[in-house]
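Please read the structure below before turning to the comments.
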Amino acid sequence: ASKRFLVIADHTKLVARLGGVPLPVEAVRFAAEVLISRMTSMNVDPRPRLSEGDWWQTDEGHVIIDVGLNGQDCGEVADELRRMAGVVETGYFPTEATEAIIAFPDRIERRTRTR
């Protein structure tokens, strides 16, 4: 419901083409295993993001599942994932972001959507 959507990331998050790297999916922890099973049936490659052998957690206590798309359309997969109970959000927001602040080792870049 906001007029601006600001993305803050480091340069390692930049990709030449959407779908070329795994899609991060934020999920409630108790649903993660069921979601991984459902994602596998979609012919994608879900992998838990781990930290020291346990699920990596967001500030809200959710977990991240990194989903390899196996050549599938990123937008279509993200739409299907967002409809699953237990998925909080995906890392796919091609039209929502109005600005991005990208940190490089030697500089900060601010990028603004032009269309």
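The chains in the structure tokens are called A, B, ... from first to last as shown; in each chain the residues are counted from 1, and the ligands are counted from 1 in the order shown.
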
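In the backbone-derived DSSP annotation, alpha helix (DSSP H) within chain A comprises A:Ala32, A:Glu33, A:Val34, A:Leu35, A:Ile36, A:Ser37, A:Arg38, A:Met39, A:Thr40, A:Ser41, A:Cys74, A:Gly75, A:Glu76, A:Val77, A:Ala78, A:Asp79, A:Glu80, A:Leu81, A:Arg82.
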
Quick one: residues within 12 Å of Met39 of chain A, only C-alpha atoms, excluding same-chain residues fewer than 2 positions away - as a short mmCIF file (atom, residue, chain, number, x, y, z; two decimals) with N, CA and C atoms, in the first residue's frame?
```cif
data_model
loop_
_atom_site.label_atom_id
_atom_site.label_comp_id
_atom_site.auth_asym_id
_atom_site.auth_seq_id
_atom_site.Cartn_x
_atom_site.Cartn_y
_atom_site.Cartn_z
N LEU A 23 15.88 -18.82 -6.41
CA LEU A 23 14.91 -17.85 -5.92
C LEU A 23 14.75 -18.03 -4.42
N VAL A 25 12.90 -18.01 -0.99
CA VAL A 25 11.52 -18.07 -0.56
C VAL A 25 11.50 -18.05 0.96
N ALA A 31 6.17 -24.95 8.48
CA ALA A 31 5.68 -25.43 7.19
C ALA A 31 6.80 -25.78 6.22
N ALA A 32 8.03 -25.55 6.59
CA ALA A 32 9.15 -25.66 5.65
C ALA A 32 9.28 -27.04 5.00
N GLU A 33 9.20 -28.09 5.78
CA GLU A 33 9.37 -29.43 5.22
C GLU A 33 8.24 -29.78 4.25
N VAL A 34 7.00 -29.42 4.59
CA VAL A 34 5.88 -29.66 3.70
C VAL A 34 6.05 -28.84 2.42
N LEU A 35 6.49 -27.60 2.56
CA LEU A 35 6.71 -26.76 1.38
C LEU A 35 7.78 -27.33 0.48
N ILE A 36 8.85 -27.83 1.06
CA ILE A 36 9.91 -28.43 0.24
C ILE A 36 9.36 -29.60 -0.56
N SER A 37 8.53 -30.40 0.05
CA SER A 37 7.91 -31.53 -0.66
C SER A 37 7.03 -31.03 -1.80
N SER A 41 7.56 -31.36 -6.09
CA SER A 41 6.56 -31.86 -7.04
C SER A 41 6.31 -30.87 -8.17
N MET A 42 6.77 -29.63 -8.03
CA MET A 42 6.64 -28.61 -9.08
C MET A 42 7.80 -28.68 -10.07
N ASN A 43 8.70 -29.64 -9.88
CA ASN A 43 9.89 -29.79 -10.71
C ASN A 43 10.86 -28.63 -10.55
N VAL A 44 10.96 -28.12 -9.32
CA VAL A 44 11.99 -27.15 -8.99
C VAL A 44 12.89 -27.81 -7.94
N ASP A 45 13.98 -27.16 -7.61
CA ASP A 45 14.97 -27.74 -6.72
C ASP A 45 15.08 -26.92 -5.43
N PRO A 46 14.23 -27.21 -4.43
CA PRO A 46 14.28 -26.45 -3.18
C PRO A 46 15.40 -26.94 -2.26
N ARG A 47 16.11 -26.00 -1.68
CA ARG A 47 17.19 -26.33 -0.74
C ARG A 47 17.08 -25.42 0.47
N PRO A 48 17.12 -25.99 1.67
CA PRO A 48 17.11 -25.14 2.87
C PRO A 48 18.37 -24.29 2.92
N ILE A 65 14.12 -20.85 1.94
CA ILE A 65 14.31 -21.99 1.05
C ILE A 65 14.79 -21.41 -0.28
N ASP A 66 15.97 -21.81 -0.73
CA ASP A 66 16.49 -21.35 -2.02
C ASP A 66 16.02 -22.33 -3.08
N VAL A 67 15.30 -21.83 -4.08
CA VAL A 67 14.64 -22.67 -5.06
C VAL A 67 15.30 -22.53 -6.43
N GLY A 68 15.94 -23.60 -6.88
CA GLY A 68 16.47 -23.64 -8.24
C GLY A 68 15.32 -23.85 -9.20
N LEU A 69 15.27 -23.08 -10.26
CA LEU A 69 14.10 -23.07 -11.13
C LEU A 69 14.14 -24.09 -12.26
N ASN A 70 15.27 -24.70 -12.50
CA ASN A 70 15.40 -25.72 -13.55
C ASN A 70 14.86 -25.24 -14.89
N VAL A 77 6.70 -19.40 -11.42
CA VAL A 77 7.01 -20.18 -10.22
C VAL A 77 6.73 -19.35 -8.97
N ALA A 78 7.15 -18.10 -8.97
CA ALA A 78 6.93 -17.23 -7.81
C ALA A 78 5.44 -17.07 -7.53
N GLU A 80 3.03 -19.19 -8.21
CA GLU A 80 2.53 -20.44 -7.64
C GLU A 80 2.99 -20.61 -6.19
N LEU A 81 4.23 -20.25 -5.91
CA LEU A 81 4.74 -20.36 -4.54
C LEU A 81 4.00 -19.44 -3.59
N ARG A 82 3.70 -18.23 -4.03
CA ARG A 82 3.01 -17.27 -3.16
C ARG A 82 1.61 -17.72 -2.77
N ARG A 83 1.03 -18.62 -3.55
CA ARG A 83 -0.31 -19.13 -3.23
C ARG A 83 -0.27 -20.25 -2.20
N MET A 84 0.91 -20.74 -1.86
CA MET A 84 1.04 -21.85 -0.91
C MET A 84 0.97 -21.34 0.53
N VAL A 87 4.10 -19.90 2.85
CA VAL A 87 5.06 -19.02 2.17
C VAL A 87 4.75 -17.59 2.58
#
```

Open item on the list: Just want the 9 Å neighbourhood of Ala100 of chain A, counted on only C-alpha atoms, with same-chain residues fewer than 4 positions away dropped. Output as an MDAnalysis selection string.
Closed with: chainID A and resid 5:9 109:113

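The space between atom CA of Leu14 of chain A and atom CA of Arg38 of chain A spans 27.8 Å.
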
- [ ] From the DSSP assignment of the backbone, select every residue of chain A that is strand (DSSP E or B), and format the answer as a PyMOL selection string.
- [x] chain A and resi 6-10+23-27+45-48+50-51+54-55+57+63-68+87-90+99-103+108-112

May I have the residues from that selection written out with N, CA and C atoms, as an mmCIF file, in the first residue's frame?
```cif
data_model
loop_
_atom_site.group_PDB
_atom_site.id
_atom_site.type_symbol
_atom_site.label_atom_id
_atom_site.label_comp_id
_atom_site.auth_asym_id
_atom_site.auth_seq_id
_atom_site.Cartn_x
_atom_site.Cartn_y
_atom_site.Cartn_z
ATOM 1 N N LEU A 6 11.548 0.240 -1.641
ATOM 2 C CA LEU A 6 12.995 0.379 -1.685
ATOM 3 C C LEU A 6 13.657 -0.950 -1.372
ATOM 4 N N VAL A 7 14.520 -1.400 -2.265
ATOM 5 C CA VAL A 7 15.279 -2.631 -2.072
ATOM 6 C C VAL A 7 16.695 -2.250 -1.674
ATOM 7 N N ILE A 8 17.215 -2.898 -0.629
ATOM 8 C CA ILE A 8 18.594 -2.670 -0.204
ATOM 9 C C ILE A 8 19.314 -4.010 -0.288
ATOM 10 N N ALA A 9 20.408 -4.053 -1.031
ATOM 11 C CA ALA A 9 21.127 -5.309 -1.234
ATOM 12 C C ALA A 9 22.599 -5.032 -1.498
ATOM 13 N N ASP A 10 23.399 -6.087 -1.429
ATOM 14 C CA ASP A 10 24.788 -5.928 -1.845
ATOM 15 C C ASP A 10 24.925 -6.412 -3.286
ATOM 16 N N LEU A 23 15.877 -18.823 -6.413
ATOM 17 C CA LEU A 23 14.915 -17.848 -5.922
ATOM 18 C C LEU A 23 14.747 -18.033 -4.419
ATOM 19 N N PRO A 24 15.038 -17.007 -3.607
ATOM 20 C CA PRO A 24 14.820 -17.151 -2.171
ATOM 21 C C PRO A 24 13.331 -17.087 -1.840
ATOM 22 N N VAL A 25 12.904 -18.009 -0.991
ATOM 23 C CA VAL A 25 11.517 -18.069 -0.564
ATOM 24 C C VAL A 25 11.499 -18.051 0.959
ATOM 25 N N GLU A 26 10.841 -17.055 1.524
ATOM 26 C CA GLU A 26 10.704 -16.956 2.976
ATOM 27 C C GLU A 26 9.471 -17.752 3.389
ATOM 28 N N ALA A 27 9.648 -18.618 4.393
ATOM 29 C CA ALA A 27 8.557 -19.492 4.821
ATOM 30 C C ALA A 27 8.498 -19.553 6.339
ATOM 31 N N ASP A 45 13.978 -27.157 -7.613
ATOM 32 C CA ASP A 45 14.972 -27.741 -6.721
ATOM 33 C C ASP A 45 15.084 -26.925 -5.432
ATOM 34 N N PRO A 46 14.226 -27.213 -4.433
ATOM 35 C CA PRO A 46 14.278 -26.453 -3.178
ATOM 36 C C PRO A 46 15.398 -26.942 -2.263
ATOM 37 N N ARG A 47 16.110 -26.002 -1.682
ATOM 38 C CA ARG A 47 17.187 -26.330 -0.743
ATOM 39 C C ARG A 47 17.082 -25.422 0.471
ATOM 40 N N PRO A 48 17.125 -25.988 1.667
ATOM 41 C CA PRO A 48 17.110 -25.142 2.866
ATOM 42 C C PRO A 48 18.374 -24.294 2.922
ATOM 43 N N LEU A 50 21.045 -22.928 5.117
ATOM 44 C CA LEU A 50 21.528 -23.344 6.433
ATOM 45 C C LEU A 50 22.596 -22.408 6.966
ATOM 46 N N SER A 51 22.690 -22.380 8.279
ATOM 47 C CA SER A 51 23.735 -21.658 8.985
ATOM 48 C C SER A 51 24.190 -22.549 10.128
ATOM 49 N N ASP A 54 21.908 -25.618 10.846
ATOM 50 C CA ASP A 54 20.491 -25.427 11.141
ATOM 51 C C ASP A 54 19.926 -24.405 10.165
ATOM 52 N N TRP A 55 18.610 -24.319 10.107
ATOM 53 C CA TRP A 55 17.965 -23.349 9.237
ATOM 54 C C TRP A 55 18.471 -21.939 9.529
ATOM 55 N N GLN A 57 17.678 -18.174 9.845
ATOM 56 C CA GLN A 57 16.424 -17.520 10.205
ATOM 57 C C GLN A 57 16.437 -16.032 9.882
ATOM 58 N N VAL A 63 12.209 -19.015 7.901
ATOM 59 C CA VAL A 63 13.347 -19.668 7.266
ATOM 60 C C VAL A 63 13.361 -19.329 5.779
ATOM 61 N N ILE A 64 14.497 -19.590 5.160
ATOM 62 C CA ILE A 64 14.640 -19.335 3.728
ATOM 63 C C ILE A 64 14.877 -20.658 3.013
ATOM 64 N N ILE A 65 14.125 -20.852 1.935
ATOM 65 C CA ILE A 65 14.313 -21.989 1.046
ATOM 66 C C ILE A 65 14.792 -21.407 -0.276
ATOM 67 N N ASP A 66 15.974 -21.809 -0.727
ATOM 68 C CA ASP A 66 16.492 -21.350 -2.018
ATOM 69 C C ASP A 66 16.022 -22.333 -3.082
ATOM 70 N N VAL A 67 15.304 -21.827 -4.076
ATOM 71 C CA VAL A 67 14.642 -22.675 -5.060
ATOM 72 C C VAL A 67 15.301 -22.525 -6.427
ATOM 73 N N GLY A 68 15.943 -23.599 -6.876
ATOM 74 C CA GLY A 68 16.472 -23.639 -8.237
ATOM 75 C C GLY A 68 15.321 -23.852 -9.200
ATOM 76 N N VAL A 87 4.101 -19.895 2.846
ATOM 77 C CA VAL A 87 5.063 -19.021 2.168
ATOM 78 C C VAL A 87 4.751 -17.589 2.578
ATOM 79 N N VAL A 88 5.766 -16.902 3.089
ATOM 80 C CA VAL A 88 5.596 -15.517 3.502
ATOM 81 C C VAL A 88 5.784 -14.603 2.296
ATOM 82 N N GLU A 89 6.865 -14.825 1.547
ATOM 83 C CA GLU A 89 7.166 -13.995 0.379
ATOM 84 C C GLU A 89 8.279 -14.658 -0.410
ATOM 85 N N THR A 90 8.452 -14.209 -1.632
ATOM 86 C CA THR A 90 9.576 -14.666 -2.444
ATOM 87 C C THR A 90 10.492 -13.469 -2.714
ATOM 88 N N GLU A 99 12.888 1.684 -6.243
ATOM 89 C CA GLU A 99 14.278 2.101 -6.089
ATOM 90 C C GLU A 99 15.091 0.968 -5.497
ATOM 91 N N ALA A 100 16.390 1.002 -5.759
ATOM 92 C CA ALA A 100 17.297 0.025 -5.149
ATOM 93 C C ALA A 100 18.571 0.736 -4.721
ATOM 94 N N ILE A 101 19.060 0.360 -3.567
ATOM 95 C CA ILE A 101 20.359 0.824 -3.093
ATOM 96 C C ILE A 101 21.244 -0.411 -3.065
ATOM 97 N N ILE A 102 22.303 -0.373 -3.866
ATOM 98 C CA ILE A 102 23.193 -1.522 -4.021
ATOM 99 C C ILE A 102 24.563 -1.176 -3.462
ATOM 100 N N ALA A 103 25.051 -2.005 -2.541
ATOM 101 C CA ALA A 103 26.367 -1.791 -1.933
ATOM 102 C C ALA A 103 27.419 -2.603 -2.683
ATOM 103 N N ILE A 108 28.449 2.898 -3.170
ATOM 104 C CA ILE A 108 27.023 2.630 -3.050
ATOM 105 C C ILE A 108 26.356 3.201 -4.298
ATOM 106 N N GLU A 109 25.478 2.431 -4.915
ATOM 107 C CA GLU A 109 24.735 2.922 -6.078
ATOM 108 C C GLU A 109 23.251 2.980 -5.750
ATOM 109 N N ARG A 110 22.625 4.044 -6.182
ATOM 110 C CA ARG A 110 21.170 4.174 -6.040
ATOM 111 C C ARG A 110 20.578 4.061 -7.440
ATOM 112 N N ARG A 111 19.662 3.138 -7.603
ATOM 113 C CA ARG A 111 19.025 2.928 -8.907
ATOM 114 C C ARG A 111 17.528 3.171 -8.767
ATOM 115 N N THR A 112 16.981 3.858 -9.749
ATOM 116 C CA THR A 112 15.571 4.208 -9.739
ATOM 117 C C THR A 112 14.900 3.627 -10.974
#
```

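Note that atom CA of Gly61 of chain A and atom CA of Thr40 of chain A are 23.4 Å apart.
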